[in-house]
file target.cif (mmCIF, C-alpha atoms and all ligand atoms)
data_entry
#
loop_
_atom_site.label_atom_id
_atom_site.label_comp_id
_atom_site.auth_asym_id
_atom_site.auth_seq_id
_atom_site.Cartn_x
_atom_site.Cartn_y
_atom_site.Cartn_z
CA MET O 34 81.39 136.36 82.64
CA ALA O 35 81.84 135.09 79.09
CA GLY O 36 85.45 134.54 78.09
CA ALA O 37 86.80 134.47 81.64
CA GLU O 38 88.89 131.56 82.89
CA THR O 39 87.39 128.93 85.16
CA GLY O 40 89.76 126.69 87.08
CA ARG O 41 88.96 123.99 89.58
CA PHE O 42 89.95 122.12 92.70
CA ALA O 43 89.14 118.43 92.25
CA PRO O 44 90.21 116.74 95.48
CA SER O 45 89.41 113.15 96.41
CA PRO O 46 88.14 113.05 100.00
CA SER O 47 89.88 109.81 100.96
CA GLY O 48 91.98 111.45 103.66
CA ARG O 49 93.45 114.74 104.68
CA MET O 50 95.26 116.78 101.99
CA HIS O 51 99.02 116.47 101.81
CA LEU O 52 101.44 119.15 100.68
CA GLY O 53 101.49 117.88 97.08
CA ASN O 54 97.69 118.20 96.79
CA LEU O 55 97.90 121.65 98.30
CA PHE O 56 100.72 122.66 95.95
CA SER O 57 98.58 121.79 92.89
CA SER O 58 95.56 123.55 94.38
CA LEU O 59 97.57 126.69 95.11
CA LEU O 60 98.79 126.83 91.51
CA ALA O 61 95.28 126.15 90.17
CA TRP O 62 93.91 128.99 92.27
CA LEU O 63 96.69 131.41 91.31
CA SER O 64 96.44 130.58 87.62
CA ALA O 65 92.67 131.15 87.48
CA LYS O 66 92.66 134.20 89.73
CA ALA O 67 95.67 135.86 88.06
CA ALA O 68 93.67 135.67 84.82
CA GLY O 69 90.70 137.34 86.53
CA GLY O 70 88.82 134.04 86.62
CA ARG O 71 86.92 131.81 89.02
CA VAL O 72 87.48 128.50 90.79
CA VAL O 73 85.01 125.64 91.10
CA LEU O 74 85.30 123.02 93.86
CA ARG O 75 84.33 119.53 92.76
CA ILE O 76 84.53 116.68 95.24
CA GLU O 77 85.85 113.56 93.49
CA ASP O 78 84.25 110.94 95.71
CA LEU O 79 83.63 108.25 93.07
CA ASP O 80 85.23 105.62 95.25
CA THR O 81 82.48 105.47 97.82
CA ARG O 82 84.34 102.91 99.97
CA ARG O 83 87.33 105.18 100.54
CA CYS O 84 85.78 108.65 100.35
CA THR O 85 83.67 110.19 103.11
CA ARG O 86 81.61 113.31 103.58
CA ALA O 87 83.62 114.06 106.72
CA TYR O 88 86.85 114.21 104.71
CA ALA O 89 85.11 116.36 102.07
CA ASP O 90 84.04 118.82 104.75
CA GLN O 91 87.54 118.80 106.19
CA LEU O 92 89.00 119.62 102.75
CA GLU O 93 86.72 122.63 102.55
CA ALA O 94 87.82 123.76 106.01
CA ASP O 95 91.48 123.35 104.98
CA TYR O 96 91.03 125.37 101.76
CA ARG O 97 89.25 128.12 103.71
CA ALA O 98 91.90 128.20 106.44
CA LEU O 99 94.60 128.60 103.79
CA GLY O 100 92.80 131.43 102.00
CA LEU O 101 92.10 129.34 98.89
CA VAL O 102 88.53 130.44 98.56
CA TRP O 103 86.50 128.95 95.71
CA ASP O 104 83.65 130.69 93.93
CA GLU O 105 81.30 127.83 93.26
CA GLY O 106 80.78 124.22 94.27
CA GLY O 107 81.36 121.91 97.19
CA SER O 108 78.84 122.42 99.94
CA SER O 109 78.29 126.06 98.81
CA GLY O 110 76.55 124.84 95.64
CA GLY O 111 76.04 126.79 92.44
CA SER O 112 74.47 126.48 89.03
CA HIS O 113 76.52 123.48 87.79
CA GLY O 114 75.77 121.08 90.66
CA PRO O 115 75.74 118.60 92.17
CA TYR O 116 79.42 119.08 92.95
CA TYR O 117 79.93 115.62 94.45
CA GLN O 118 80.78 113.01 91.83
CA SER O 119 78.96 110.35 93.84
CA ARG O 120 75.73 112.18 92.91
CA ARG O 121 76.45 112.62 89.20
CA GLY O 122 75.95 109.01 88.06
CA LYS O 123 73.12 109.93 85.65
CA LEU O 124 75.45 112.16 83.63
CA TYR O 125 78.12 109.44 83.43
CA ALA O 126 75.49 106.88 82.39
CA ALA O 127 74.32 109.17 79.57
CA ALA O 128 77.91 109.59 78.35
CA LEU O 129 78.49 105.83 78.48
CA GLU O 130 75.30 105.29 76.50
CA SER O 131 76.35 107.76 73.81
CA LEU O 132 79.72 105.96 73.45
CA ARG O 133 77.93 102.63 73.35
CA ARG O 134 75.74 103.87 70.49
CA LYS O 135 78.91 104.61 68.56
CA GLY O 136 79.87 100.92 68.98
CA LEU O 137 82.95 101.79 71.01
CA VAL O 138 82.12 100.16 74.36
CA TYR O 139 82.41 96.48 75.23
CA PRO O 140 81.98 94.45 78.39
CA CYS O 141 85.12 93.08 80.00
CA PHE O 142 85.08 90.06 82.30
CA CYS O 143 88.78 89.89 83.10
CA THR O 144 89.61 89.38 86.76
CA ARG O 145 92.35 91.34 88.43
CA ALA O 146 94.64 88.29 88.25
CA GLN O 147 93.93 87.79 84.55
CA LEU O 148 94.57 91.44 83.87
CA HIS O 149 97.87 91.27 85.62
CA ALA O 150 98.97 88.09 83.86
CA ALA O 151 97.81 89.07 80.38
CA SER O 152 98.35 92.80 80.20
CA ALA O 153 101.28 92.96 77.89
CA PRO O 154 103.46 94.65 77.08
CA HIS O 155 104.36 96.31 80.37
CA ARG O 156 105.73 99.73 79.62
CA GLU O 157 109.02 100.90 81.04
CA ASP O 158 107.24 103.22 83.45
CA GLY O 159 105.32 100.32 85.01
CA ARG O 160 101.99 101.10 83.38
CA THR O 161 100.26 98.07 82.01
CA VAL O 162 98.53 97.97 78.65
CA TYR O 163 95.23 96.09 78.44
CA SER O 164 95.68 93.02 76.24
CA GLY O 165 92.29 93.34 74.56
CA ALA O 166 91.24 89.87 75.74
CA CYS O 167 87.51 90.74 75.82
CA ARG O 168 87.55 92.97 72.72
CA THR O 169 86.52 90.21 70.36
CA LEU O 170 83.91 88.39 72.47
CA THR O 171 80.70 87.71 70.55
CA SER O 172 77.47 88.91 72.15
CA ALA O 173 76.57 85.26 72.90
CA GLN O 174 79.88 84.76 74.71
CA ALA O 175 79.41 88.03 76.61
CA GLU O 176 75.89 87.02 77.71
CA GLU O 177 77.16 83.66 78.85
CA ARG O 178 79.89 85.26 80.97
CA ALA O 179 77.59 87.93 82.36
CA ARG O 180 75.64 85.16 84.08
CA ILE O 181 78.68 84.38 86.20
CA ARG O 182 80.28 87.77 86.70
CA PRO O 183 79.11 91.34 86.19
CA PRO O 184 81.22 93.00 83.52
CA ALA O 185 83.30 96.15 83.56
CA PHE O 186 82.98 98.36 80.48
CA ARG O 187 85.90 99.45 78.33
CA LEU O 188 86.34 101.93 75.52
CA ARG O 189 87.98 100.81 72.26
CA VAL O 190 90.92 103.05 71.52
CA PRO O 191 92.44 103.79 68.12
CA ASP O 192 95.96 103.01 66.93
CA ARG O 193 96.94 106.64 66.58
CA GLU O 194 98.75 109.40 68.41
CA ILE O 195 96.70 111.81 70.46
CA GLY O 196 98.68 114.81 71.53
CA PHE O 197 98.24 118.26 72.99
CA GLN O 198 100.15 121.33 74.03
CA ASP O 199 100.42 121.42 77.81
CA GLY O 200 100.39 125.01 79.05
CA HIS O 201 103.36 124.30 81.32
CA LEU O 202 105.17 121.24 79.97
CA GLY O 203 104.77 121.68 76.22
CA ARG O 204 103.84 119.00 73.72
CA TYR O 205 102.82 115.55 74.97
CA ALA O 206 101.41 112.69 72.91
CA GLU O 207 100.57 109.02 73.26
CA ASN O 208 99.44 106.30 70.94
CA LEU O 209 96.43 105.06 72.87
CA GLU O 210 96.53 101.51 71.58
CA ARG O 211 100.24 101.06 72.15
CA ASP O 212 100.65 103.05 75.38
CA CYS O 213 97.39 102.42 77.18
CA GLY O 214 95.03 99.97 75.52
CA ASP O 215 91.25 99.95 75.80
CA PHE O 216 90.53 101.69 79.09
CA LEU O 217 87.84 101.38 81.73
CA LEU O 218 84.72 103.54 81.76
CA ARG O 219 82.92 101.63 84.48
CA ARG O 220 84.23 98.98 86.84
CA SER O 221 82.59 95.62 87.42
CA ASP O 222 81.50 96.74 90.90
CA GLY O 223 79.55 99.61 89.30
CA LEU O 224 81.97 102.42 90.21
CA TRP O 225 82.50 104.97 87.45
CA ALA O 226 86.02 105.36 86.14
CA TYR O 227 87.89 108.58 86.82
CA GLN O 228 88.66 109.18 83.10
CA LEU O 229 84.99 109.31 82.12
CA ALA O 230 83.79 111.26 85.14
CA VAL O 231 86.47 113.93 84.95
CA VAL O 232 85.73 114.68 81.29
CA VAL O 233 81.96 114.79 81.74
CA ASP O 234 82.33 117.04 84.78
CA ASP O 235 84.99 119.44 83.54
CA ALA O 236 82.89 120.00 80.41
CA ALA O 237 79.56 120.32 82.27
CA MET O 238 81.10 122.74 84.78
CA GLU O 239 82.56 124.83 81.94
CA ILE O 240 86.12 124.49 83.22
CA THR O 241 88.55 126.28 80.90
CA GLN O 242 91.82 125.38 82.63
CA VAL O 243 92.81 122.21 84.41
CA VAL O 244 95.85 122.60 86.67
CA ARG O 245 96.90 119.34 88.31
CA GLY O 246 99.86 117.15 89.23
CA SER O 247 102.05 115.79 86.45
CA ASP O 248 101.17 112.25 87.57
CA LEU O 249 98.00 112.85 85.52
CA LEU O 250 99.81 114.02 82.36
CA SER O 251 99.50 110.60 80.74
CA SER O 252 95.74 110.51 81.44
CA THR O 253 95.24 113.56 79.25
CA PRO O 254 95.38 111.87 75.80
CA ARG O 255 92.68 109.44 77.01
CA GLN O 256 90.60 112.36 78.24
CA LEU O 257 91.07 114.25 74.98
CA TYR O 258 89.90 111.19 73.07
CA LEU O 259 86.74 111.20 75.21
CA TYR O 260 86.20 114.94 74.64
CA ASP O 261 86.38 114.27 70.93
CA LEU O 262 83.96 111.32 70.99
CA LEU O 263 81.49 113.13 73.25
CA GLU O 264 81.75 116.28 71.12
CA LEU O 265 82.79 118.41 74.08
CA THR O 266 85.25 121.30 74.17
CA PRO O 267 88.40 120.45 76.14
CA PRO O 268 90.00 122.89 78.59
CA GLU O 269 93.65 123.95 78.57
CA PHE O 270 95.84 121.64 80.65
CA TYR O 271 98.72 122.67 82.91
CA HIS O 272 100.56 119.83 84.64
CA VAL O 273 102.57 120.89 87.65
CA PRO O 274 105.61 119.31 89.31
CA LEU O 275 105.13 116.73 92.02
CA LEU O 276 106.62 117.26 95.44
CA LEU O 277 109.03 114.54 96.46
CA SER O 278 109.89 113.59 100.03
CA PRO O 279 113.53 114.12 101.03
CA ALA O 280 113.96 110.39 100.30
CA GLY O 281 112.79 110.99 96.72
CA ARG O 282 109.33 109.42 96.96
CA ARG O 283 106.20 111.11 95.71
CA LEU O 284 104.18 112.43 98.64
CA SER O 285 101.07 110.46 99.41
CA LYS O 286 98.31 110.52 101.99
CA ARG O 287 100.46 108.05 103.93
CA ASP O 288 103.07 110.73 104.60
CA GLY O 289 101.32 111.65 107.80
CA ASP O 290 103.92 114.15 108.98
CA LEU O 291 103.32 116.27 105.89
CA SER O 292 99.54 116.16 106.11
CA LEU O 293 97.73 119.42 106.70
CA GLU O 294 96.51 118.14 110.02
CA VAL O 295 100.03 118.11 111.38
CA LEU O 296 101.26 121.18 109.49
CA LEU O 297 98.35 123.44 110.49
CA ALA O 298 98.85 122.42 114.11
CA ARG O 299 102.40 123.76 114.18
CA SER O 300 102.47 126.58 111.61
CA THR O 301 100.23 129.34 110.33
CA PRO O 302 98.45 129.16 106.95
CA ALA O 303 100.65 131.99 105.66
CA ASP O 304 103.77 130.00 106.67
CA ILE O 305 102.62 127.02 104.66
CA ILE O 306 101.59 129.07 101.60
CA GLY O 307 104.84 131.08 101.72
CA LYS O 308 106.96 127.92 101.77
CA LEU O 309 105.03 126.28 98.94
CA ALA O 310 105.25 129.47 96.88
CA TYR O 311 109.01 129.50 97.54
CA LEU O 312 109.30 125.93 96.25
CA ALA O 313 107.23 126.93 93.21
CA GLY O 314 109.58 129.82 92.42
CA LEU O 315 106.87 132.38 93.19
CA ASN O 316 108.28 133.68 96.48
CA PRO O 317 111.90 134.87 96.66
CA THR O 318 112.31 133.48 100.18
CA ALA O 319 110.26 131.13 102.36
CA GLU O 320 108.67 134.09 104.18
CA PRO O 321 104.92 133.83 105.02
CA ARG O 322 102.54 134.91 102.26
CA THR O 323 98.82 134.95 101.58
CA PRO O 324 97.59 133.56 98.27
CA GLU O 325 96.34 137.06 97.23
CA SER O 326 99.77 138.58 97.76
CA LEU O 327 101.20 136.14 95.19
CA LEU O 328 98.80 137.16 92.43
CA PRO O 329 100.55 140.24 90.99
CA ASP O 330 103.77 138.34 90.25
CA PHE O 331 102.26 135.01 89.23
CA SER O 332 103.76 133.60 86.04
CA TRP O 333 104.01 130.04 84.72
CA ASP O 334 107.53 130.82 83.48
CA LYS O 335 108.84 130.98 87.05
CA ILE O 336 107.65 127.50 87.97
CA SER O 337 109.94 124.50 87.67
CA LYS O 338 109.00 121.80 85.16
CA GLY O 339 110.75 118.97 86.98
CA ASP O 340 109.60 117.43 90.25
CA ILE O 341 110.61 119.28 93.39
CA PHE O 342 112.41 117.80 96.39
CA LEU O 343 111.14 119.00 99.73
CA PRO O 344 114.16 120.12 101.73
CA GLU O 345 114.21 118.16 104.98
CA GLU O 346 114.19 121.21 107.23
CA LEU O 347 111.59 123.33 105.40
CA PHE O 348 108.43 121.96 107.01
CA SER O 349 109.91 120.30 110.10
N1 LIG T 1 90.76 113.76 92.07
C1 LIG T 1 92.11 113.71 91.57
C2 LIG T 1 93.08 113.72 92.74
O1 LIG T 1 92.72 114.10 93.84
C3 LIG T 1 92.44 114.86 90.65
C4 LIG T 1 91.91 114.66 89.30
C5 LIG T 1 92.19 115.79 88.32
O2 LIG T 1 92.67 116.85 88.73
O3 LIG T 1 91.90 115.59 87.15
O4 LIG T 1 94.21 113.32 92.56
#
call {"tool": "encode", "arguments": {"input": "target.cif", "output": "structure tokens"}}
result
Amino acid sequence: MAGAETGRFAPSPSGRMHLGNLFSSLLAWLSAKAAGGRVVLRIEDLDTRRCTRAYADQLEADYRALGLVWDEGGSSGGSHGPYYQSRRGKLYAAALESLRRKGLVYPCFCTRAQLHAASAPHREDGRTVYSGACRTLTSAQAEERARIRPPAFRLRVPDREIGFQDGHLGRYAENLERDCGDFLLRRSDGLWAYQLAVVVDDAAMEITQVVRGSDLLSSTPRQLYLYDLLELTPPEFYHVPLLLSPAGRRLSKRDGDLSLEVLLARSTPADIIGKLAYLAGLNPTAEPRTPESLLPDFSWDKISKGDIFLPEELFS
């Protein structure tokens, strides 16, 4: 339907979902559905050494069990497929080629150790900024080096602020040169970089709203720069709080006790959804809820902007 919202789940099948992944997915589903829209499932399996089809199938089973039903994508297919990034290399190659024709792509031969030693300055938040070591290589020098080591490919970034209005967090901007440096489009081992793939795919799949964890907030200016260069229309972005373990760490796939495998074994789907909705500010108590039952009262205004501590006892 023209004009309707399309949201997405974009999980990486490198393990079982944890509560933080599920929290973002729940909010993505509610946001799209509350607006009368649809949800696409795209499997982000670019890293073919860590991602498996078995995990992708398990993610689908988990979403279904929790009542987070998607309208298009994953193994159900649809008109914007394939929905597995590992099968979309041709599209990424075409985008890389169009950036190359603009003179904005260069090969990078830096090793991991060189990157670590030379990437200066390190920002306060621990992110490193690419030094630009390979930016000025002549084509003769690049050819010479390519005989020894296959290159990665980087995008030249401008010395200017790129900002946007996040639907949940408000204005956010970065100077790409100062805060990030020339970033990777393709790695030296041939794997496509997340930044390129996510832009190509969200545009090709006609996604109108991206709801995801705030750990990806600082990726957004890079992605907006790519939308601009590739002449694609960007979606709206909503970055949602991260869930922190009682010790204050961000949840990760290593937090086995908060993986869905363990949680679904000892509680019902409605228990889990009800508790997450409570943490989000969308359920007055931690009582069990279905995703549908949360739709009438869904509002971004109710949701915290800061990260959320998981109370020790809530899921134990
Ligand atoms: N695949 C990413 C993840 O699982 C999400 C990327 C995105 O939402 O843009 O963390």
call {"tool": "residues_near_point", "arguments": {"input": "target.cif", "point": "(93.8, 135.2, 102.0)", "cutoff": "8 Å", "atoms": "only C-alpha atoms", "output": "PyMOL selection string"}}
result
chain O and resi 99-102+323-325
call {"tool": "closest_atom_pairs", "arguments": {"input": "target.cif", "of": "chain O", "to": "ligand LIG 1 (chain T)", "cutoff": "7 Å", "atoms": "all atoms listed in the file", "output": "CSV"}}
result
residue,atom,partner,partner_atom,distance
O:Ala43,CA,T:LIG1,N1,4.9
O:Pro44,CA,T:LIG1,O1,4.0
O:Ser45,CA,T:LIG1,O1,4.3
O:Glu77,CA,T:LIG1,N1,5.1
O:Val231,CA,T:LIG1,O3,6.1
O:Val243,CA,T:LIG1,O2,6.9
O:Val244,CA,T:LIG1,O2,6.9
O:Arg245,CA,T:LIG1,O2,4.9
O:Leu249,CA,T:LIG1,O3,6.9
call {"tool": "write_last_selection", "arguments": {"input": "target.cif", "atoms": "C-alpha atoms", "output": "PDB file, in the coordinates of the input"}}
result
ATOM      1  CA  ALA O  43      89.140 118.430  92.250  1.00  0.00           C
ATOM      2  CA  PRO O  44      90.210 116.740  95.480  1.00  0.00           C
ATOM      3  CA  SER O  45      89.410 113.150  96.410  1.00  0.00           C
ATOM      4  CA  GLU O  77      85.850 113.560  93.490  1.00  0.00           C
ATOM      5  CA  VAL O 231      86.470 113.930  84.950  1.00  0.00           C
ATOM      6  CA  VAL O 243      92.810 122.210  84.410  1.00  0.00           C
ATOM      7  CA  VAL O 244      95.850 122.600  86.670  1.00  0.00           C
ATOM      8  CA  ARG O 245      96.900 119.340  88.310  1.00  0.00           C
ATOM      9  CA  LEU O 249      98.000 112.850  85.520  1.00  0.00           C
TER      10      LEU O 249
END
call {"tool": "residues_around", "arguments": {"input": "target.cif", "residues": "Ala98 in chain O", "least_positions_apart": "3", "cutoff": "7 Å", "atoms": "all atoms listed in the file", "output": "PyMOL selection string"}}
result
chain O and resi 94-95+302
call {"tool": "closest_residue", "arguments": {"input": "target.cif", "among": "O:Thr39, O:Ser326, O:Ser251, O:Ser337", "to": "Ala236 in chain O", "atoms": "all atoms listed in the file"}}
result
O:Thr39
call {"tool": "closest_residue", "arguments": {"input": "target.cif", "among": "O:Gln91, O:Asp235, O:Arg134, O:Ala126", "to": "Arg41 in chain O", "atoms": "all atoms listed in the file"}}
result
O:Asp235
call {"tool": "residues_around", "arguments": {"input": "target.cif", "residues": "range 176-191 of chain O", "least_positions_apart": "5", "cutoff": "8 Å", "atoms": "all atoms listed in the file", "output": "PDB file with C-alpha atoms, in the coordinates of the input"}}
result
ATOM      1  CA  LEU O 137      82.950 101.790  71.010  1.00  0.00           C
ATOM      2  CA  VAL O 138      82.120 100.160  74.360  1.00  0.00           C
ATOM      3  CA  TYR O 139      82.410  96.480  75.230  1.00  0.00           C
ATOM      4  CA  PRO O 140      81.980  94.450  78.390  1.00  0.00           C
ATOM      5  CA  CYS O 141      85.120  93.080  80.000  1.00  0.00           C
ATOM      6  CA  PHE O 142      85.080  90.060  82.300  1.00  0.00           C
ATOM      7  CA  ARG O 168      87.550  92.970  72.720  1.00  0.00           C
ATOM      8  CA  ASN O 208      99.440 106.300  70.940  1.00  0.00           C
ATOM      9  CA  LEU O 209      96.430 105.060  72.870  1.00  0.00           C
ATOM     10  CA  GLU O 210      96.530 101.510  71.580  1.00  0.00           C
ATOM     11  CA  GLY O 214      95.030  99.970  75.520  1.00  0.00           C
ATOM     12  CA  ASP O 215      91.250  99.950  75.800  1.00  0.00           C
ATOM     13  CA  PHE O 216      90.530 101.690  79.090  1.00  0.00           C
ATOM     14  CA  LEU O 217      87.840 101.380  81.730  1.00  0.00           C
ATOM     15  CA  LEU O 218      84.720 103.540  81.760  1.00  0.00           C
ATOM     16  CA  ARG O 219      82.920 101.630  84.480  1.00  0.00           C
ATOM     17  CA  ARG O 220      84.230  98.980  86.840  1.00  0.00           C
ATOM     18  CA  SER O 221      82.590  95.620  87.420  1.00  0.00           C
ATOM     19  CA  ASP O 222      81.500  96.740  90.900  1.00  0.00           C
ATOM     20  CA  GLY O 223      79.550  99.610  89.300  1.00  0.00           C
TER      21      GLY O 223
END
call {"tool": "closest_residue", "arguments": {"input": "target.cif", "among": "O:Thr169, O:Ser247, O:Thr301, O:Ser252", "to": "Lys338 in chain O", "atoms": "all atoms listed in the file"}}
result
O:Ser247
call {"tool": "closest_residue", "arguments": {"input": "target.cif", "among": "O:Ala206, O:Leu328, O:Ile341, O:Ile336", "to": "Ala68 in chain O", "atoms": "only C-alpha atoms"}}
result
O:Leu328
call {"tool": "axis_aligned_box", "arguments": {"input": "target.cif", "around": "range 296-305 of chain O", "padding_each_side": "4 Å", "output": "lines of an AutoDock Vina configuration file"}}
result
center_x = 101.1
center_y = 126.6
center_z = 109.4
size_x = 13.4
size_y = 18.8
size_z = 17.5
call {"tool": "residues_around", "arguments": {"input": "target.cif", "residues": "Lys286 in chain O", "least_positions_apart": "3", "cutoff": "9 Å", "atoms": "all atoms listed in the file", "output": "JSON, numbers by chain"}}
result
{"O": [47, 48, 49, 50, 51, 289, 291, 292]}
call {"tool": "residues_around", "arguments": {"input": "target.cif", "residues": "Thr318 in chain O", "least_positions_apart": "3", "cutoff": "12 Å", "atoms": "all atoms listed in the file", "output": "list in words"}}
result
Asp304, Ile306, Gly307, Lys308, Leu309, Ala310, Tyr311, Leu312, Ala313, Gly314, Leu315, Pro321, Arg322 and Leu347 of chain O
call {"tool": "closest_residue", "arguments": {"input": "target.cif", "among": "O:Val162, O:Ala87, O:Leu250, O:Ala37", "to": "Cys213 in chain O", "atoms": "all atoms listed in the file"}}
result
O:Val162
call {"tool": "closest_residue", "arguments": {"input": "target.cif", "among": "O:Glu269, O:Leu202, O:Leu74, O:Leu229", "to": "Asp340 in chain O", "atoms": "all atoms listed in the file"}}
result
O:Leu202
call {"tool": "atom_distance", "arguments": {"input": "target.cif", "atom1": "CA of Lys123 in chain O", "atom2": "CA of Leu79 in chain O"}}
result
13.0 Å
call {"tool": "residues_around", "arguments": {"input": "target.cif", "residues": "Pro46 in chain O", "least_positions_apart": "2", "cutoff": "6 Å", "atoms": "only C-alpha atoms", "output": "list in words"}}
result
Gly48, Cys84, Tyr88 and Ala89 of chain O
call {"tool": "write_last_selection", "arguments": {"input": "target.cif", "atoms": "C-alpha atoms", "output": "CSV table (one decimal), keeping the file's coordinate frame"}}
result
chain,number,residue,atom,x,y,z
O,48,GLY,CA,92.0,111.4,103.7
O,84,CYS,CA,85.8,108.6,100.4
O,88,TYR,CA,86.8,114.2,104.7
O,89,ALA,CA,85.1,116.4,102.1
call {"tool": "atom_distance", "arguments": {"input": "target.cif", "atom1": "CA of Asp90 in chain O", "atom2": "CA of Ser57 in chain O"}}
result
19.0 Å
call {"tool": "atom_distance", "arguments": {"input": "target.cif", "atom1": "CA of Ser131 in chain O", "atom2": "CA of Tyr116 in chain O"}}
result
22.4 Å
